[in-house]
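For reference, my_file07.cif (mmCIF, C-alpha atoms):
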data_work
loop_
_atom_site.label_atom_id
_atom_site.label_comp_id
_atom_site.auth_asym_id
_atom_site.auth_seq_id
_atom_site.Cartn_x
_atom_site.Cartn_y
_atom_site.Cartn_z
CA THR P 1 14.59 -24.85 15.01
CA THR P 2 15.18 -26.85 18.20
CA THR P 3 13.65 -29.85 16.42
CA GLY P 4 15.99 -29.50 13.45
CA SER P 5 13.42 -28.25 10.96
CA PRO P 6 13.81 -24.98 8.98
CA TYR P 7 12.21 -21.85 10.37
CA SER P 8 9.08 -20.90 8.46
CA VAL P 9 8.22 -17.86 10.58
CA PHE P 10 10.54 -14.89 10.90
CA THR P 11 10.12 -13.86 14.55
CA PRO P 12 11.38 -17.08 16.17
CA TYR P 13 14.18 -17.20 13.59
CA TYR P 14 15.12 -13.63 14.45
CA ARG P 15 15.17 -14.33 18.19
CA ALA P 16 17.60 -17.19 17.63
CA TRP P 17 19.67 -15.14 15.17
CA GLU P 18 19.89 -12.15 17.53
CA HIS P 19 20.79 -14.40 20.46
CA ALA P 20 23.61 -15.88 18.40
CA TRP P 21 25.04 -12.42 17.78
CA HIS P 22 24.88 -11.45 21.45
CA SER P 23 26.58 -14.66 22.51
CA SER P 24 29.21 -14.86 19.77
CA GLY P 25 32.85 -14.12 20.45
CA PRO P 26 35.06 -11.56 18.74
CA SER P 27 35.51 -11.68 14.99
CA ALA P 28 38.41 -13.66 13.62
CA ASP P 29 41.41 -11.83 12.20
CA ALA P 30 41.36 -11.33 8.44
CA PRO P 31 43.35 -14.04 6.64
CA PRO P 32 46.53 -12.81 4.94
CA ARG P 33 45.39 -14.34 1.66
CA VAL P 34 42.09 -15.60 0.26
CA PRO P 35 42.55 -18.33 -2.36
CA ALA P 36 40.43 -18.22 -5.48
CA PRO P 37 37.94 -21.05 -6.00
CA ASP P 38 38.67 -23.64 -8.66
CA ASP P 39 35.34 -23.00 -10.36
CA VAL P 40 33.89 -19.48 -10.44
CA PRO P 41 30.14 -19.52 -11.20
CA ALA P 42 28.71 -17.19 -13.81
CA PHE P 43 27.23 -14.02 -12.37
CA ALA P 44 25.16 -11.30 -13.95
CA PRO P 45 26.95 -7.95 -13.61
CA PRO P 46 25.23 -4.97 -11.95
CA PRO P 47 23.33 -2.48 -14.11
CA THR P 48 25.29 -0.62 -16.76
CA ALA P 49 24.72 2.71 -18.44
CA ASP P 50 22.45 0.92 -20.89
CA SER P 51 20.01 -0.30 -18.23
CA ALA P 52 20.47 2.54 -15.70
CA PRO P 53 22.12 5.65 -17.17
CA GLY P 54 22.68 7.26 -13.77
CA VAL P 55 24.17 4.25 -12.04
CA SER P 56 27.75 5.54 -12.12
CA ALA P 57 26.65 8.85 -10.60
CA HIS P 58 25.12 7.08 -7.60
CA TRP P 59 27.33 4.05 -7.01
CA THR P 60 31.07 3.52 -6.74
CA PRO P 61 32.10 -0.13 -6.45
CA GLY P 62 34.71 -1.23 -3.94
CA GLU P 63 35.37 -1.71 -0.25
CA ARG P 64 36.63 1.85 0.28
CA SER P 65 33.45 3.42 -1.05
CA ALA P 66 31.32 0.97 0.95
CA THR P 67 33.19 1.83 4.15
CA GLN P 68 32.70 5.53 3.52
CA ARG P 69 28.99 4.98 2.92
CA LEU P 70 28.77 2.98 6.16
CA GLU P 71 30.53 5.73 8.12
CA ARG P 72 28.18 8.38 6.72
CA PHE P 73 25.15 6.31 7.66
CA VAL P 74 26.37 5.70 11.21
CA ASP P 75 27.33 9.35 11.73
CA ASP P 76 24.44 11.06 9.96
CA ALA P 77 21.40 8.84 9.50
CA LEU P 78 21.39 5.94 11.93
CA ALA P 79 20.00 7.97 14.85
CA GLY P 80 16.93 8.94 12.82
CA TYR P 81 16.52 5.62 11.01
CA ALA P 82 13.36 4.61 12.88
CA GLU P 83 11.50 7.72 11.72
CA ALA P 84 13.08 8.36 8.30
CA ARG P 85 13.47 4.88 6.82
CA ASP P 86 9.98 4.86 5.27
CA VAL P 87 10.21 8.32 3.69
CA PRO P 88 11.37 7.94 0.06
CA ALA P 89 12.39 11.59 -0.28
CA ALA P 90 14.60 11.48 2.81
CA HIS P 91 18.12 10.12 2.97
CA GLY P 92 17.06 7.93 5.87
CA THR P 93 18.15 4.46 4.81
CA SER P 94 21.65 3.06 4.85
CA CYS P 95 22.00 2.51 1.07
CA LEU P 96 24.32 -0.35 2.00
CA SER P 97 22.41 -3.09 0.19
CA ALA P 98 24.71 -3.13 -2.84
CA ALA P 99 27.80 -3.28 -0.64
CA LEU P 100 26.29 -6.18 1.30
CA ALA P 101 25.26 -7.97 -1.89
CA PHE P 102 28.83 -7.83 -3.24
CA GLY P 103 30.53 -8.55 0.08
CA GLU P 104 32.21 -5.14 0.28
CA ILE P 105 31.01 -4.96 3.89
CA THR P 106 29.55 -7.76 5.98
CA THR P 107 26.61 -8.34 8.25
CA ARG P 108 29.11 -9.04 11.02
CA GLN P 109 30.61 -5.57 10.65
CA LEU P 110 27.20 -3.95 10.87
CA ALA P 111 26.01 -6.10 13.75
CA ALA P 112 29.17 -5.26 15.72
CA ILE P 113 28.37 -1.56 15.35
CA LEU P 114 24.73 -2.01 16.33
CA LEU P 115 25.47 -4.18 19.36
CA ARG P 116 28.42 -2.31 20.82
CA GLU P 117 26.15 -0.51 23.31
CA ASP P 118 24.38 -2.38 26.12
CA THR P 119 21.10 -0.59 25.39
CA PRO P 120 20.78 -0.02 21.65
CA SER P 121 18.49 2.75 20.46
CA GLU P 122 15.18 2.04 18.74
CA SER P 123 16.80 2.87 15.40
CA LYS P 124 19.56 0.37 16.01
CA ARG P 125 17.07 -2.32 17.02
CA ILE P 126 15.02 -1.74 13.86
CA PHE P 127 18.09 -1.76 11.63
CA LEU P 128 19.39 -4.95 13.24
CA ARG P 129 16.00 -6.53 12.54
CA GLN P 130 16.40 -5.59 8.87
CA LEU P 131 19.73 -7.43 8.84
CA GLY P 132 17.96 -10.39 10.43
CA TRP P 133 15.35 -10.29 7.66
CA ARG P 134 18.16 -10.41 5.11
CA ALA P 135 19.69 -13.42 6.85
CA TYR P 136 16.28 -15.09 7.03
CA SER P 137 15.95 -14.85 3.25
CA TYR P 138 19.16 -16.85 2.92
CA HIS P 139 17.87 -19.39 5.42
CA VAL P 140 14.67 -19.86 3.41
CA LEU P 141 16.52 -20.08 0.07
CA HIS P 142 18.97 -22.63 1.50
CA HIS P 143 16.13 -24.91 2.52
CA SER P 144 13.98 -24.12 -0.56
CA PRO P 145 16.39 -23.88 -3.52
CA SER P 146 13.55 -23.33 -6.00
CA LEU P 147 12.48 -20.12 -4.22
CA ALA P 148 13.33 -17.95 -7.24
CA GLU P 149 11.19 -20.01 -9.62
CA GLU P 150 8.32 -21.57 -7.71
CA PRO P 151 5.94 -20.34 -5.00
CA TRP P 152 7.05 -21.35 -1.52
CA ARG P 153 3.42 -22.07 -0.66
CA ALA P 154 2.48 -24.80 -3.11
CA GLU P 155 -1.18 -23.75 -3.37
CA PHE P 156 -0.08 -20.55 -5.11
CA SER P 157 0.71 -22.60 -8.19
CA GLU P 158 -3.08 -22.33 -8.74
CA MET P 159 -3.05 -18.52 -8.60
CA PRO P 160 -5.03 -17.16 -11.60
CA TRP P 161 -2.33 -14.79 -12.82
CA ARG P 162 -2.98 -12.56 -15.83
CA ASP P 163 -0.90 -12.28 -19.00
CA ASP P 164 -1.04 -8.54 -19.71
CA GLU P 165 2.04 -7.33 -21.56
CA ALA P 166 0.70 -3.79 -21.98
CA ALA P 167 0.14 -3.43 -18.23
CA PHE P 168 3.58 -4.89 -17.46
CA ALA P 169 5.21 -2.49 -19.93
CA ALA P 170 3.46 0.47 -18.29
CA TRP P 171 4.63 -0.71 -14.86
CA ALA P 172 8.21 -1.27 -16.04
CA ALA P 173 8.39 2.19 -17.65
CA GLY P 174 6.87 4.04 -14.70
CA MET P 175 3.77 5.00 -16.67
CA THR P 176 0.93 3.47 -14.63
CA GLY P 177 -0.78 6.74 -13.75
CA PHE P 178 -0.10 6.17 -10.04
CA PRO P 179 2.59 8.72 -9.11
CA LEU P 180 4.32 6.81 -6.29
CA VAL P 181 4.52 3.63 -8.38
CA ASP P 182 5.86 5.56 -11.35
CA ALA P 183 8.39 7.46 -9.21
CA GLY P 184 9.79 4.20 -7.82
CA MET P 185 10.06 2.54 -11.20
CA ARG P 186 11.76 5.57 -12.75
CA GLU P 187 14.20 5.80 -9.85
CA LEU P 188 15.12 2.19 -10.61
CA LEU P 189 15.54 2.86 -14.33
CA GLU P 190 17.78 5.87 -13.71
CA THR P 191 19.90 4.78 -10.74
CA GLY P 192 19.73 0.99 -10.49
CA TRP P 193 18.20 1.29 -7.02
CA MET P 194 14.83 1.94 -5.43
CA HIS P 195 13.79 3.04 -1.96
CA ASN P 196 12.46 0.22 0.22
CA ARG P 197 8.99 1.74 0.71
CA SER P 198 8.66 2.15 -3.04
CA ARG P 199 9.71 -1.48 -3.57
CA LEU P 200 6.84 -2.61 -1.38
CA VAL P 201 4.34 -0.46 -3.25
CA VAL P 202 5.46 -1.32 -6.79
CA GLY P 203 5.66 -5.01 -5.90
CA SER P 204 2.16 -5.05 -4.47
CA PHE P 205 0.88 -3.11 -7.47
CA LEU P 206 2.30 -5.61 -9.98
CA ALA P 207 1.29 -8.78 -8.15
CA LYS P 208 -2.03 -7.66 -6.72
CA ASP P 209 -3.43 -4.68 -8.64
CA LEU P 210 -2.31 -6.10 -11.99
CA LEU P 211 -2.27 -9.81 -11.04
CA ILE P 212 0.94 -10.28 -13.01
CA PRO P 213 3.19 -13.12 -11.77
CA TRP P 214 5.77 -12.06 -9.21
CA GLN P 215 8.41 -13.94 -11.24
CA LYS P 216 8.19 -11.25 -13.94
CA GLY P 217 8.80 -8.50 -11.40
CA GLN P 218 11.62 -10.46 -9.84
CA ALA P 219 13.31 -10.88 -13.24
CA TRP P 220 12.93 -7.16 -14.02
CA PHE P 221 14.49 -6.22 -10.68
CA TRP P 222 17.30 -8.77 -11.09
CA GLU P 223 18.38 -7.21 -14.38
CA ARG P 224 18.31 -3.64 -13.09
CA LEU P 225 19.07 -3.51 -9.36
CA VAL P 226 22.61 -2.64 -8.42
CA ASP P 227 21.94 -4.53 -5.17
CA ALA P 228 20.39 -7.56 -6.88
CA ASP P 229 20.61 -10.49 -4.50
CA LEU P 230 19.14 -13.90 -5.31
CA ALA P 231 17.85 -14.68 -1.82
CA LEU P 232 16.42 -11.25 -1.03
CA ASN P 233 14.97 -10.65 -4.47
CA ALA P 234 13.08 -13.95 -4.53
CA PHE P 235 12.13 -13.85 -0.86
CA ASN P 236 10.77 -10.30 -0.92
CA TRP P 237 8.81 -10.77 -4.14
CA GLN P 238 7.21 -13.88 -2.67
CA TRP P 239 6.57 -11.98 0.57
CA VAL P 240 4.73 -9.13 -1.14
CA SER P 241 2.74 -11.48 -3.39
CA GLY P 242 1.65 -13.60 -0.44
CA SER P 243 3.19 -16.90 -1.54
CA GLY P 244 6.34 -16.92 0.55
CA ALA P 245 7.50 -17.86 4.02
CA ASP P 246 6.10 -15.49 6.63
CA ALA P 247 4.40 -13.70 3.74
CA ALA P 248 2.27 -10.58 3.86
CA PRO P 249 -1.38 -11.52 4.44
CA TYR P 250 -3.22 -12.00 1.17
CA PHE P 251 -5.61 -9.17 2.05
CA ARG P 252 -2.77 -6.64 2.50
CA ILE P 253 -2.93 -4.79 -0.79
CA PHE P 254 -1.10 -1.48 -0.68
CA ASN P 255 -3.14 1.47 -1.89
CA PRO P 256 -0.53 3.39 -3.93
CA THR P 257 -2.35 6.70 -3.51
CA ARG P 258 -2.62 6.48 0.26
CA GLN P 259 0.93 5.23 0.53
CA GLY P 260 2.09 8.30 -1.36
CA GLU P 261 0.06 10.66 0.78
CA ARG P 262 1.35 9.04 3.95
CA PHE P 263 5.04 8.69 3.14
CA ASP P 264 5.54 11.48 0.59
CA PRO P 265 2.98 14.04 1.79
CA GLU P 266 4.52 17.04 0.03
CA GLY P 267 5.27 15.07 -3.12
CA GLU P 268 9.04 15.64 -3.01
CA TYR P 269 9.85 12.13 -4.18
CA VAL P 270 7.25 12.22 -6.95
CA ARG P 271 8.38 15.65 -8.14
CA ARG P 272 11.94 14.40 -8.42
CA TRP P 273 11.20 11.29 -10.46
CA VAL P 274 7.97 12.27 -12.22
CA PRO P 275 8.81 15.87 -13.16
CA GLU P 276 5.79 16.28 -15.44
CA LEU P 277 3.69 16.40 -12.25
CA GLY P 278 5.96 18.97 -10.59
CA GLY P 279 3.53 21.86 -10.99
CA LEU P 280 0.70 20.20 -9.07
CA SER P 281 -0.01 21.17 -5.48
CA SER P 282 0.59 18.66 -2.70
CA ARG P 283 -3.16 18.16 -2.48
CA TRP P 284 -3.31 16.56 -5.93
CA ILE P 285 0.22 15.26 -6.49
CA HIS P 286 -0.74 11.67 -5.63
CA ARG P 287 -4.14 11.75 -7.33
CA PRO P 288 -3.80 13.91 -10.46
CA TRP P 289 -6.84 12.28 -12.06
CA GLU P 290 -8.98 14.01 -9.43
CA ALA P 291 -7.38 17.44 -9.81
CA PRO P 292 -9.59 20.25 -11.19
CA ASP P 293 -9.12 20.99 -14.87
CA ASP P 294 -7.86 24.50 -14.21
CA GLU P 295 -5.12 23.19 -11.89
CA LEU P 296 -4.07 20.61 -14.46
CA ARG P 297 -3.88 23.29 -17.16
CA ALA P 298 -1.91 25.60 -14.89
CA ALA P 299 0.56 22.79 -14.20
CA GLY P 300 0.86 21.97 -17.90
CA ILE P 301 -0.58 18.49 -17.43
CA GLY P 302 -2.73 16.72 -19.95
CA LEU P 303 -4.05 13.45 -18.58
CA GLY P 304 -3.61 10.82 -21.21
CA THR P 305 -1.05 12.92 -23.08
CA THR P 306 1.69 14.33 -20.84
CA TYR P 307 0.90 11.87 -18.04
CA PRO P 308 -1.20 8.69 -18.20
CA ARG P 309 -4.50 8.13 -16.52
CA PRO P 310 -4.45 5.23 -14.02
CA ILE P 311 -4.24 1.92 -15.89
CA VAL P 312 -6.54 0.27 -13.32
CA ASP P 313 -9.15 1.32 -10.81
CA HIS P 314 -7.46 0.40 -7.54
CA ALA P 315 -10.72 -0.40 -5.74
CA GLU P 316 -11.82 -2.74 -8.51
CA ALA P 317 -8.34 -4.25 -8.81
CA ARG P 318 -8.37 -4.94 -5.08
CA LYS P 319 -11.66 -6.83 -5.38
CA ARG P 320 -10.25 -8.84 -8.28
CA ALA P 321 -7.12 -9.69 -6.31
CA LEU P 322 -9.09 -10.75 -3.24
CA ALA P 323 -11.21 -13.05 -5.41
CA ALA P 324 -8.05 -14.58 -6.88
CA TYR P 325 -6.58 -15.15 -3.43
CA GLN P 326 -9.84 -16.62 -2.23
CA HIS P 327 -9.54 -19.13 -5.08
CA VAL P 328 -6.07 -20.08 -3.83
CA ARG P 329 -7.38 -20.50 -0.28
CA SER P 330 -10.16 -22.76 -1.51
CA VAL P 331 -7.58 -24.89 -3.33
CA LYS P 332 -5.61 -25.24 -0.10
CA ALA P 333 -8.77 -26.20 1.78
CA GLY P 334 -9.58 -28.83 -0.85
CA GLY P 335 -12.63 -26.99 -2.12
CA VAL P 336 -11.61 -27.14 -5.79
#
Encoded form using structure tokens:
Amino acid sequence: TTTGSPYSVFTPYYRAWEHAWHSSGPSADAPPRVPAPDDVPAFAPPPTADSAPGVSAHWTPGERSATQRLERFVDDALAGYAEARDVPAAHGTSCLSAALAFGEITTRQLAAILLREDTPSESKRIFLRQLGWRAYSYHVLHHSPSLAEEPWRAEFSEMPWRDDEAAFAAWAAGMTGFPLVDAGMRELLETGWMHNRSRLVVGSFLAKDLLIPWQKGQAWFWERLVDADLALNAFNWQWVSGSGADAAPYFRIFNPTRQGERFDPEGEYVRRWVPELGGLSSRWIHRPWEAPDDELRAAGIGLGTTYPRPIVDHAEARKRALAAYQHVRSVKAGGV
């Protein structure tokens, strides 16, 4: 900030970051040769066929593939990004996160494209803000090196997390009984990637509905995401759990059923990744436990056999989470 302290709120950081892009000069020419460092740190490789059997069908490493993906996004999807980016079934996001994580393309390249018009479109402004969010995660990690291990907000060390291996296993396998959560987790298991809206929902479900420590979710993502990135992974998990810089309010607990009905109204995303629910009508696709018995039979669904019943009651889990967060707030206020 102007006083020399790290930014702890995104919006003022973003204003400064965006101003820097507008006022920066042209990019430097590429160097003819990049020397290798003397000491190369160990790095976990991206998912393999063992952890994500479909990863090779969805991702091709290298700068050429990344450039092609960038060109397709700019030509085909950027104009509709503002409307389509939250729809998991649509091809409305850039899918450039893996290329950015591995340096196959750069934020500077993307920003140059987004800022080359005097009056960027709403989609360009929103996408540029997403790049700013990514940069902000690096800013926070730089000033808080323990971000991947410890809560950024110290009072969250008193969070009454639960140790529930059965619930974590159901979440990890995409067998929670909540179709949107299960679709997201199965997409991750198959492809090594997950749509952004799904990441928000599955993260909230683990940390808030199940009250399982965000560090376990972060570790699961790190091992399986083709776009695994230390700063973003830690920052976003802390954001969704409420313990991070500029975090989601503690009372924001995503309802996975309503999220599905809002962003996947026809159930296209769920039908793709949770095929055992494919025969259900759109009315029941996000709440199969409420579907009439005759519709379940017609769709070949047996709750508890072919597809699990919900592992928690979301309304009750929400109350439990709010009580846990209230405990944390009382610790901060010195009430405990």
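Between Phe205 (chain P) and the residues P:Pro160, P:Arg272, P:Arg134, P:Val312, the shortest atom-to-atom distance, using all atoms listed in the file, involves P:Val312.
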Would you mind listing, for every residue of region 91-170 of chain P within 12 Å of region 56-69 of chain P, the two atoms forming the shortest contact and the distance between them in Å to one decimal, using only C-alpha atoms, sorted by chain and ascending residue number, as a tab-separated table?
residue	atom	partner	partner_atom	distance
P:Thr93	CA	P:Arg69	CA	11.0
P:Ser94	CA	P:Arg69	CA	7.8
P:Cys95	CA	P:Arg69	CA	7.6
P:Leu96	CA	P:Arg69	CA	7.1
P:Ser97	CA	P:Ala66	CA	9.8
P:Ala98	CA	P:Ala66	CA	8.7
P:Ala99	CA	P:Ala66	CA	5.7
P:Leu100	CA	P:Ala66	CA	8.7
P:Ala101	CA	P:Ala66	CA	11.2
P:Phe102	CA	P:Gly62	CA	8.9
P:Gly103	CA	P:Glu63	CA	8.4
P:Glu104	CA	P:Glu63	CA	4.7
P:Ile105	CA	P:Ala66	CA	6.6
P:Thr106	CA	P:Ala66	CA	10.2
P:Gln109	CA	P:Thr67	CA	10.2
P:Leu110	CA	P:Thr67	CA	10.7
Ranking P:Gly244, P:Ala228, P:Gly192, P:Phe251 by minimum distance to Pro53 (chain P) and counting all atoms listed in the file, which one comes first?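 Closest to Pro53 (chain P) of all the choices is P:Gly192.
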Nearest candidate to Asp86 (chain P) (options P:His22, P:Arg125, P:Arg262, P:Arg224; using all atoms listed in the file):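 That would be P:Arg262, the residue with the smallest distance to Asp86 (chain P).
Distance-wise, CA of Ala148 (chain P) and CA of Glu165 (chain P) end up 21.1 Å apart.
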Residues within 10 Å of (-4.1, 0.9, -2.4), file coords, only C-alpha atoms, listed as a PyMOL selection string: chain P and resi 201+204-205+208-209+252-260+313-315+317-318
Restricting it to C-alpha atoms, dump the selection as a compact mmCIF listing (two decimals), keeping the file's coordinate frame.
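The new file selection-v9.txt reads:
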# COMPACT_ATOMS: atom_id res chain seq x y z
CA VAL P 201 4.34 -0.46 -3.25
CA SER P 204 2.16 -5.05 -4.47
CA PHE P 205 0.88 -3.11 -7.47
CA LYS P 208 -2.03 -7.66 -6.72
CA ASP P 209 -3.43 -4.68 -8.64
CA ARG P 252 -2.77 -6.64 2.50
CA ILE P 253 -2.93 -4.79 -0.79
CA PHE P 254 -1.10 -1.48 -0.68
CA ASN P 255 -3.14 1.47 -1.89
CA PRO P 256 -0.53 3.39 -3.93
CA THR P 257 -2.35 6.70 -3.51
CA ARG P 258 -2.62 6.48 0.26
CA GLN P 259 0.93 5.23 0.53
CA GLY P 260 2.09 8.30 -1.36
CA ASP P 313 -9.15 1.32 -10.81
CA HIS P 314 -7.46 0.40 -7.54
CA ALA P 315 -10.72 -0.40 -5.74
CA ALA P 317 -8.34 -4.25 -8.81
CA ARG P 318 -8.37 -4.94 -5.08
Interatomic distance between CA of Arg162 (chain P) and CA of Pro213 (chain P)?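 Computed distance, CA of Arg162 (chain P) to CA of Pro213 (chain P), equals 7.4 Å.
The gap separating CA of Asp164 (chain P) from CA of His195 (chain P) is 25.9 Å, in Å to one decimal.
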Considering only C-alpha atoms, can you say which of P:Ala247, P:Ala154, P:Ala299, P:Ala84 comes closest to Lys332 (chain P)?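 For Lys332 (chain P), the nearest of the candidates is P:Ala154.
Nearest to Trp273 (chain P) of all the residues P:Arg320, P:Arg297, P:Arg186, P:Arg116 is P:Arg186, counting only C-alpha atoms.
Proximity ranking of P:Lys319, P:Val274, P:Trp237, P:Val74 relative to Met185 (chain P) places P:Val274 first, based on all atoms listed in the file.
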Ala77 (chain P) environment, 12 Å, all atoms listed in the file, sequence neighbours closer than 2 positions dropped, as number ranges by chain: P: 69-75, 79-85, 90-95, 123-124, 127
So which residues get picked by the PyMOL selection byres ((chain P and resi 146) around 12) here, written as a list in words? Val140, Leu141, His142, His143, Ser144, Pro145, Leu147, Ala148, Glu149, Glu150, Pro151, Trp152, Arg153, Ala154, Gln215, Leu230, Ala231, Ala234, Phe235, Gln238 and Gly244 of chain P
Please write the residues from the selection above to a file, keeping C-alpha atoms, as a compact mmCIF listing (two decimals), in the coordinates of the input.
# COMPACT_ATOMS: atom_id res chain seq x y z
CA VAL P 140 14.67 -19.86 3.41
CA LEU P 141 16.52 -20.08 0.07
CA HIS P 142 18.97 -22.63 1.50
CA HIS P 143 16.13 -24.91 2.52
CA SER P 144 13.98 -24.12 -0.56
CA PRO P 145 16.39 -23.88 -3.52
CA LEU P 147 12.48 -20.12 -4.22
CA ALA P 148 13.33 -17.95 -7.24
CA GLU P 149 11.19 -20.01 -9.62
CA GLU P 150 8.32 -21.57 -7.71
CA PRO P 151 5.94 -20.34 -5.00
CA TRP P 152 7.05 -21.35 -1.52
CA ARG P 153 3.42 -22.07 -0.66
CA ALA P 154 2.48 -24.80 -3.11
CA GLN P 215 8.41 -13.94 -11.24
CA LEU P 230 19.14 -13.90 -5.31
CA ALA P 231 17.85 -14.68 -1.82
CA ALA P 234 13.08 -13.95 -4.53
CA PHE P 235 12.13 -13.85 -0.86
CA GLN P 238 7.21 -13.88 -2.67
CA GLY P 244 6.34 -16.92 0.55
